[in-house]
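What follows is the content of protein.txt (compact mmCIF, C-alpha atoms).
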# COMPACT_ATOMS: atom_id res chain seq x y z
CA MET A 1 60.54 37.38 -40.85
CA LEU A 2 59.91 37.29 -37.13
CA ASP A 3 56.62 38.88 -36.15
CA THR A 4 53.91 38.20 -33.61
CA ASN A 5 52.26 35.54 -35.76
CA LYS A 6 55.54 33.70 -36.33
CA ILE A 7 56.40 33.77 -32.63
CA HIS A 8 52.92 32.49 -31.75
CA GLU A 9 53.44 29.68 -34.25
CA ILE A 10 56.76 28.78 -32.58
CA ILE A 11 55.33 28.83 -29.05
CA PHE A 12 52.24 26.87 -30.09
CA GLU A 13 54.47 24.20 -31.63
CA ALA A 14 56.47 23.97 -28.39
CA LEU A 15 53.23 23.56 -26.43
CA GLU A 16 52.05 20.88 -28.86
CA ALA A 17 55.22 18.95 -27.97
CA VAL A 18 54.26 19.17 -24.28
CA ASN A 19 50.74 18.01 -25.13
CA ALA A 20 52.14 15.04 -27.03
CA GLU A 21 53.38 13.60 -23.72
CA ARG A 22 50.12 14.25 -21.87
CA GLU A 23 47.08 12.04 -21.51
CA GLU A 24 43.75 13.06 -23.01
CA GLY A 25 42.02 15.36 -20.56
CA GLU A 26 45.34 16.79 -19.37
CA LYS A 27 46.25 18.54 -22.59
CA ILE A 28 46.83 22.29 -22.62
CA ILE A 29 44.31 24.41 -24.49
CA ILE A 30 46.58 26.37 -26.79
CA ASN A 31 45.72 29.88 -27.90
CA SER A 32 47.19 33.36 -27.56
CA GLU A 33 45.64 33.69 -24.07
CA THR A 34 47.16 30.51 -22.67
CA ILE A 35 48.69 31.06 -19.23
CA LEU A 36 52.09 29.43 -19.08
CA PHE A 37 53.51 29.86 -15.58
CA GLY A 38 52.32 31.42 -12.33
CA ASP A 39 48.80 31.34 -10.90
CA GLU A 40 46.34 29.17 -12.86
CA ALA A 41 49.17 28.04 -15.10
CA SER A 42 49.15 25.15 -17.54
CA LEU A 43 52.78 24.12 -17.09
CA ASP A 44 55.03 22.78 -14.39
CA SER A 45 58.78 23.52 -14.27
CA LEU A 46 59.70 20.62 -16.54
CA ASP A 47 57.09 21.64 -19.09
CA LEU A 48 58.25 25.26 -19.02
CA VAL A 49 61.86 24.26 -19.69
CA SER A 50 60.70 22.01 -22.52
CA VAL A 51 58.90 24.98 -24.08
CA LEU A 52 61.92 27.27 -23.60
CA VAL A 53 64.28 24.75 -25.20
CA ASP A 54 62.01 24.29 -28.22
CA VAL A 55 61.36 28.02 -28.62
CA GLU A 56 65.07 28.89 -28.37
CA SER A 57 65.86 26.19 -30.91
CA ALA A 58 63.21 27.48 -33.34
CA LEU A 59 64.41 31.07 -32.89
CA LEU A 60 67.93 29.96 -33.78
CA ASP A 61 66.59 28.45 -36.99
CA VAL A 62 64.56 31.54 -37.88
CA CYS A 63 66.96 34.29 -36.75
CA GLY A 64 70.28 32.59 -37.44
CA PHE A 65 71.66 33.45 -34.00
CA SER A 66 71.09 32.04 -30.55
CA VAL A 67 68.60 33.69 -28.24
CA SER A 68 68.51 33.01 -24.49
CA LEU A 69 65.16 33.42 -22.81
CA THR A 70 66.60 32.95 -19.32
CA ASP A 71 69.41 35.48 -19.11
CA ASP A 72 69.57 38.56 -16.89
CA ARG A 73 67.24 40.51 -19.18
CA ALA A 74 64.42 38.08 -18.44
CA MET A 75 64.89 38.57 -14.71
CA ASP A 76 64.84 42.36 -15.13
CA GLN A 77 61.36 42.37 -16.65
CA GLU A 78 58.67 43.88 -14.47
CA ILE A 79 56.22 41.27 -15.77
CA SER A 80 57.60 37.77 -16.23
CA PRO A 81 58.05 36.80 -19.88
CA PHE A 82 57.06 33.28 -18.87
CA SER A 83 53.65 34.19 -17.46
CA ASN A 84 51.64 33.84 -20.68
CA ILE A 85 52.01 33.66 -24.44
CA HIS A 86 51.37 37.38 -24.88
CA ASN A 87 54.22 38.34 -22.55
CA MET A 88 56.58 35.75 -23.96
CA THR A 89 55.90 37.01 -27.48
CA LYS A 90 56.40 40.62 -26.43
CA TYR A 91 59.66 39.72 -24.70
CA ILE A 92 61.00 37.79 -27.70
CA LEU A 93 60.21 40.69 -30.00
CA SER A 94 62.10 43.03 -27.66
CA ILE A 95 65.33 40.99 -27.67
CA VAL A 96 65.70 39.77 -31.25
CA MET B 97 77.03 15.30 7.20
CA ILE B 98 76.44 19.01 7.48
CA VAL B 99 72.80 19.97 7.29
CA LYS B 100 69.68 17.91 6.85
CA ASN B 101 66.98 20.54 6.30
CA LEU B 102 67.11 22.90 3.33
CA THR B 103 64.95 25.98 3.05
CA GLY B 104 63.91 27.77 -0.13
CA GLN B 105 61.49 30.46 -1.20
CA PHE B 106 58.82 28.09 -2.56
CA VAL B 107 59.75 24.75 -1.00
CA ASP B 108 61.60 23.18 1.88
CA LEU B 109 63.43 19.88 1.83
CA ARG B 110 63.48 17.68 4.92
CA PRO B 111 64.82 14.16 5.41
CA ILE B 112 62.41 11.41 4.48
CA ASN B 113 61.01 9.43 7.44
CA ALA B 114 58.61 6.58 8.14
CA SER B 115 55.60 8.90 8.00
CA ASP B 116 56.36 9.46 4.31
CA ALA B 117 56.18 5.77 3.38
CA GLU B 118 52.58 5.76 2.22
CA ILE B 119 52.70 8.90 0.11
CA THR B 120 56.08 8.14 -1.46
CA LEU B 121 54.90 4.63 -2.32
CA SER B 122 51.81 6.07 -4.02
CA TRP B 123 54.04 8.38 -6.07
CA ARG B 124 56.37 5.52 -7.01
CA LEU B 125 53.41 3.44 -8.19
CA SER B 126 51.93 6.24 -10.27
CA GLY B 127 52.34 6.70 -13.99
CA ARG B 128 54.61 9.67 -13.47
CA SER B 129 57.39 7.46 -12.08
CA ARG B 130 57.39 5.03 -15.00
CA HIS B 131 60.97 6.04 -15.85
CA LEU B 132 62.32 5.39 -12.33
CA ASN B 133 63.48 2.06 -10.94
CA ALA B 134 60.67 -0.34 -10.14
CA VAL B 135 59.49 -0.72 -6.54
CA SER B 136 58.02 -3.79 -4.92
CA GLY B 137 54.72 -2.07 -4.28
CA ASP B 138 53.94 -2.77 -0.65
CA LEU B 139 54.06 -0.46 2.33
CA GLU B 140 56.30 -2.68 4.43
CA SER B 141 58.99 -2.69 1.74
CA GLN B 142 58.77 1.08 1.47
CA LEU B 143 59.12 1.43 5.26
CA ASN B 144 62.15 -0.86 5.17
CA TRP B 145 63.64 1.12 2.32
CA ILE B 146 63.26 4.37 4.28
CA ALA B 147 64.62 2.81 7.47
CA ASN B 148 67.69 1.55 5.67
CA ARG B 149 68.77 4.79 4.01
CA PRO B 150 72.53 5.13 4.58
CA GLU B 151 73.57 7.89 6.98
CA SER B 152 75.76 9.30 4.24
CA ASP B 153 72.82 9.83 1.86
CA PHE B 154 70.47 12.76 1.72
CA ASP B 155 66.96 11.60 0.89
CA PHE B 156 64.54 14.50 0.96
CA ILE B 157 60.81 15.08 0.84
CA ILE B 158 59.88 18.23 -1.09
CA ILE B 159 57.35 20.26 0.88
CA LEU B 160 55.45 23.35 -0.18
CA LYS B 161 55.36 26.26 2.23
CA ASN B 162 51.79 25.26 3.18
CA GLY B 163 53.10 21.90 4.40
CA LEU B 164 51.91 19.82 1.46
CA ARG B 165 54.32 17.06 0.45
CA VAL B 166 54.70 17.10 -3.32
CA GLY B 167 57.76 15.08 -4.21
CA MET B 168 61.13 13.62 -3.37
CA VAL B 169 64.77 14.10 -4.34
CA SER B 170 68.07 12.65 -3.14
CA LEU B 171 71.80 13.19 -3.12
CA THR B 172 73.55 9.85 -2.86
CA GLU B 173 76.86 8.05 -3.48
CA ILE B 174 78.72 11.02 -2.03
CA ASP B 175 82.42 10.51 -2.65
CA MET B 176 84.40 12.99 -0.57
CA VAL B 177 87.72 11.79 -2.00
CA ASN B 178 86.83 12.35 -5.64
CA LYS B 179 84.37 15.10 -4.73
CA ASN B 180 81.37 13.80 -6.65
CA ALA B 181 77.87 12.53 -5.95
CA VAL B 182 74.64 11.45 -7.60
CA PRO B 183 71.47 13.57 -7.43
CA GLY B 184 68.47 11.42 -8.15
CA ARG B 185 65.21 9.76 -7.14
CA PHE B 186 63.76 13.04 -8.36
CA LEU B 187 60.01 12.77 -8.53
CA ILE B 188 57.23 15.30 -8.37
CA GLY B 189 54.35 13.19 -7.13
CA ASP B 190 51.65 15.83 -6.85
CA GLU B 191 51.65 17.38 -10.30
CA ALA B 192 48.52 19.47 -9.79
CA ALA B 193 49.90 21.16 -6.69
CA VAL B 194 53.05 22.40 -8.43
CA LYS B 195 51.64 23.74 -11.70
CA GLY B 196 52.82 27.28 -12.27
CA LYS B 197 55.32 27.14 -9.43
CA PRO B 198 59.08 26.62 -9.84
CA VAL B 199 59.00 23.75 -7.37
CA ALA B 200 61.15 21.31 -9.30
CA VAL B 201 63.71 23.99 -10.14
CA GLU B 202 64.03 25.18 -6.57
CA ALA B 203 64.17 21.66 -5.13
CA MET B 204 67.02 20.80 -7.49
CA SER B 205 68.65 24.16 -6.81
CA LEU B 206 68.69 23.40 -3.08
CA VAL B 207 70.29 20.00 -3.74
CA TYR B 208 72.91 21.61 -5.99
CA GLN B 209 73.67 24.23 -3.34
CA LEU B 210 74.14 21.44 -0.82
CA ALA B 211 76.47 19.60 -3.19
CA PHE B 212 78.59 22.46 -4.48
CA ASP B 213 78.45 25.07 -1.70
CA GLN B 214 78.28 22.98 1.45
CA LEU B 215 79.92 19.69 0.53
CA ASN B 216 82.31 21.41 -1.90
CA LEU B 217 81.88 18.76 -4.57
CA VAL B 218 83.19 19.36 -8.06
CA ARG B 219 80.95 17.03 -10.05
CA LEU B 220 77.45 15.60 -10.01
CA HIS B 221 76.43 12.76 -12.26
CA GLY B 222 73.67 10.31 -12.90
CA ILE B 223 71.70 8.33 -15.43
CA ILE B 224 68.29 9.00 -16.94
CA ALA B 225 66.24 6.54 -18.97
CA GLU B 226 66.73 7.40 -22.63
CA LYS B 227 62.96 7.53 -23.09
CA ASN B 228 62.60 10.14 -20.35
CA LEU B 229 63.04 12.90 -22.90
CA LYS B 230 61.54 15.69 -20.84
CA MET B 231 63.87 15.08 -17.89
CA ILE B 232 66.92 14.86 -20.16
CA LYS B 233 65.89 18.11 -21.87
CA TRP B 234 65.40 19.74 -18.47
CA GLN B 235 68.74 18.62 -17.06
CA VAL B 236 70.68 19.63 -20.17
CA TYR B 237 69.06 23.07 -20.22
CA LEU B 238 70.09 23.48 -16.59
CA GLY B 239 73.75 22.75 -17.30
CA MET B 240 74.25 19.00 -17.38
CA LYS B 241 76.04 17.47 -20.33
CA VAL B 242 75.28 14.09 -21.90
CA GLU B 243 78.47 12.06 -21.46
CA GLY B 244 77.41 8.76 -22.96
CA VAL B 245 74.88 5.98 -23.26
CA LEU B 246 74.60 2.79 -21.23
CA ARG B 247 73.00 0.27 -23.55
CA SER B 248 70.15 -1.88 -22.20
CA HIS B 249 71.03 -0.66 -18.73
CA LEU B 250 67.56 -0.38 -17.19
CA PHE B 251 64.81 -2.97 -17.02
CA GLN B 252 61.62 -0.93 -17.21
CA ASN B 253 58.08 -1.86 -18.10
CA GLY B 254 59.09 -5.31 -19.29
CA SER B 255 62.07 -4.48 -21.45
CA PHE B 256 65.70 -3.41 -21.23
CA GLU B 257 66.17 0.27 -22.01
CA ASN B 258 69.17 2.47 -22.70
CA ALA B 259 70.20 5.08 -20.16
CA LYS B 260 71.89 8.41 -20.83
CA VAL B 261 74.81 9.34 -18.58
CA LEU B 262 74.78 13.00 -17.58
CA GLY B 263 77.27 15.06 -15.62
CA LEU B 264 77.46 18.58 -14.19
CA LEU B 265 80.77 20.19 -13.30
CA GLU B 266 81.02 22.93 -10.71
CA GLU B 267 82.13 25.54 -13.28
CA ASP B 268 79.10 24.81 -15.47
CA TYR B 269 76.88 24.94 -12.40
CA ARG B 270 78.09 28.46 -11.61
CA LYS B 271 78.13 29.67 -15.22
CA ILE B 272 75.00 28.02 -16.67
CA THR B 273 72.85 26.44 -13.99
CA ILE B 274 72.61 29.23 -11.44
CA PRO B 275 71.54 32.02 -13.86
CA ARG B 276 68.99 29.80 -15.58
CA MET B 277 67.55 28.54 -12.32
CA LYS B 278 67.32 32.09 -11.00
CA ALA B 279 65.46 33.20 -14.12
CA LEU B 280 63.05 30.28 -13.86
CA MET B 281 62.46 31.04 -10.18
CA SER B 282 61.86 34.74 -10.79
CA VAL B 283 58.40 34.08 -12.20

Could you rewrite the structure in this file as structure tokens?
Amino acid sequence: MLDTNKIHEIIFEALEAVNAEREEGEKIIINSETILFGDEASLDSLDLVSVLVDVESALLDVCGFSVSLTDDRAMDQEISPFSNIHNMTKYILSIV
Amino acid sequence: MIVKNLTGQFVDLRPINASDAEITLSWRLSGRSRHLNAVSGDLESQLNWIANRPESDFDFIIILKNGLRVGMVSLTEIDMVNKNAVPGRFLIGDEAAVKGKPVAVEAMSLVYQLAFDQLNLVRLHGIIAEKNLKMIKWQVYLGMKVEGVLRSHLFQNGSFENAKVLGLLEEDYRKITIPRMKALMSV
């Protein structure tokens, strides 16, 4: 069952993978308020893609079908789904 | 070659020159470049390296719109007969300055536009150290395909390491790369 908690769990796991490659002191503080991309963001482009790949992969496992987070629908959003965990979660719930 | 300066929304690319020797050397000696080829580590060698770039290569400095130099990227080994080339030497040196900005995506997008739209190439290819998982993940998400493994191909940090061979065809660039890059740059 895909709900907000499950999506948070998936995104947190993807962020943990980013943290695994970072030095102590550079690790992202992960919680539902974490800013992903944009002003005061925690990620650079390579990190963001890493998160997207891991989230898409986990969604495939959970949903049984592939979900693209970077198709035209993402670009049509008034607020970027990549800006923070809240918006990414909301966006995923809207497309699955 | 056709054009030497490339302009984007977030970054510009301009040819590397002698004034970039110090900063590019500092990037190459930093931990972030541990997966790239080793450099000798002195300024004179870096100046010589810059001075001896072939005319046929494009070696760029990535510059933010405020003028800050944040990285480097190249398009080399351009083969106009077989219509292919190698994008590489891709390094974001100033990590803090690019957080939250699609700098790497746009810099690579500008290089791809140069390759496919201006030089009319049909294929880009290159190798990435097998341990450089994040870069491989990034390139594959943006359309490249893993085409093989070169065993013990790179001598890095005291040992011989495998390298993954990756390639991007023009049709995949138009079908996969462009939409994904646009989405990542729409933030």

Rounded to one decimal in Å, what is the spacing between atom CA of B:Ser170 and atom CA of A:Leu52?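 Between these atoms lies a distance of 25.9 Å.
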
Residue list for chain A near chain B as a PyMOL selection string, 9 Å, all atoms listed in the file: chain A and resi 18+21+35-50+52-53+69-72+74-75+79-83

Residue among A:Thr34, A:Ser94, A:Thr4, A:Asn19 lying closest to A:Val67, counting only C-alpha atoms: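 Using only C-alpha atoms, A:Val67 sits closest to A:Ser94.
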
Which of these, A:Leu60, A:Ile29, A:Ser68, A:Glu23, has the shortest distance to A:Ile10 once you count all atoms listed in the file?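 Of all the options, A:Leu60 lies closest to A:Ile10.
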
Non-local contacts of stretch 211-226 of chain B (9 Å; only C-alpha atoms; under 4 positions in same chain excluded) as an NGL selection string: :B and (97-99 or 131-132 or 171 or 174-176 or 178-184 or 206-207 or 231-232 or 240 or 245-246 or 249-250 or 252 or 257-267 or 269)

Now that the selection is made, can you save its residues with C-alpha atoms as a compact mmCIF listing (two decimals), keeping the file's coordinate frame?
# COMPACT_ATOMS: atom_id res chain seq x y z
CA MET B 97 77.03 15.30 7.20
CA ILE B 98 76.44 19.01 7.48
CA VAL B 99 72.80 19.97 7.29
CA HIS B 131 60.97 6.04 -15.85
CA LEU B 132 62.32 5.39 -12.33
CA LEU B 171 71.80 13.19 -3.12
CA ILE B 174 78.72 11.02 -2.03
CA ASP B 175 82.42 10.51 -2.65
CA MET B 176 84.40 12.99 -0.57
CA ASN B 178 86.83 12.35 -5.64
CA LYS B 179 84.37 15.10 -4.73
CA ASN B 180 81.37 13.80 -6.65
CA ALA B 181 77.87 12.53 -5.95
CA VAL B 182 74.64 11.45 -7.60
CA PRO B 183 71.47 13.57 -7.43
CA GLY B 184 68.47 11.42 -8.15
CA LEU B 206 68.69 23.40 -3.08
CA VAL B 207 70.29 20.00 -3.74
CA MET B 231 63.87 15.08 -17.89
CA ILE B 232 66.92 14.86 -20.16
CA MET B 240 74.25 19.00 -17.38
CA VAL B 245 74.88 5.98 -23.26
CA LEU B 246 74.60 2.79 -21.23
CA HIS B 249 71.03 -0.66 -18.73
CA LEU B 250 67.56 -0.38 -17.19
CA GLN B 252 61.62 -0.93 -17.21
CA GLU B 257 66.17 0.27 -22.01
CA ASN B 258 69.17 2.47 -22.70
CA ALA B 259 70.20 5.08 -20.16
CA LYS B 260 71.89 8.41 -20.83
CA VAL B 261 74.81 9.34 -18.58
CA LEU B 262 74.78 13.00 -17.58
CA GLY B 263 77.27 15.06 -15.62
CA LEU B 264 77.46 18.58 -14.19
CA LEU B 265 80.77 20.19 -13.30
CA GLU B 266 81.02 22.93 -10.71
CA GLU B 267 82.13 25.54 -13.28
CA TYR B 269 76.88 24.94 -12.40

Atom-to-atom span, atom CA of B:Asp155 and atom CA of B:Leu121, Å: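 Answer for the atom CA of B:Asp155 to atom CA of B:Leu121 separation: 14.3 Å.
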
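What separates atom CA of A:Val55 from atom CA of A:Glu13 is a distance of 8.4 Å.
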
Could you tell me, as number ranges by chain, which residues have any atom at most 10 Å from (61.8, 16.6, 2.7), counting only C-alpha atoms? B: 100-103, 107-113, 116, 154-160, 165-170, 203

Selection as a list in words: residues within 10 Å of (63.0, 5.1, 6.7), counting all atoms listed in the file: Pro111, Ile112, Asn113, Ala114, Ser115, Asp116, Ala117, Gln142, Leu143, Asn144, Trp145, Ile146, Ala147, Asn148, Arg149, Pro150 and Asp155 of chain B

Keeping only C-alpha atoms, write the selected residues as a compact mmCIF listing (two decimals), in the frame of the given file.
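See out-v3.txt below for the written result:
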# COMPACT_ATOMS: atom_id res chain seq x y z
CA PRO B 111 64.82 14.16 5.41
CA ILE B 112 62.41 11.41 4.48
CA ASN B 113 61.01 9.43 7.44
CA ALA B 114 58.61 6.58 8.14
CA SER B 115 55.60 8.90 8.00
CA ASP B 116 56.36 9.46 4.31
CA ALA B 117 56.18 5.77 3.38
CA GLN B 142 58.77 1.08 1.47
CA LEU B 143 59.12 1.43 5.26
CA ASN B 144 62.15 -0.86 5.17
CA TRP B 145 63.64 1.12 2.32
CA ILE B 146 63.26 4.37 4.28
CA ALA B 147 64.62 2.81 7.47
CA ASN B 148 67.69 1.55 5.67
CA ARG B 149 68.77 4.79 4.01
CA PRO B 150 72.53 5.13 4.58
CA ASP B 155 66.96 11.60 0.89

For B:Arg124, the nearest of the candidates B:Val177, B:Leu187, B:Ile274, B:Val242, counting only C-alpha atoms: B:Leu187

Taking into account all atoms listed in the file, which residue in the set A:Asp54, A:His86, A:Gln77, A:Phe65 is nearest to A:Ala17? A:Asp54

For A:Asn5, the closest of A:Asn84, A:Asp61, A:Asn31, A:Glu56 counting only C-alpha atoms is A:Asn31
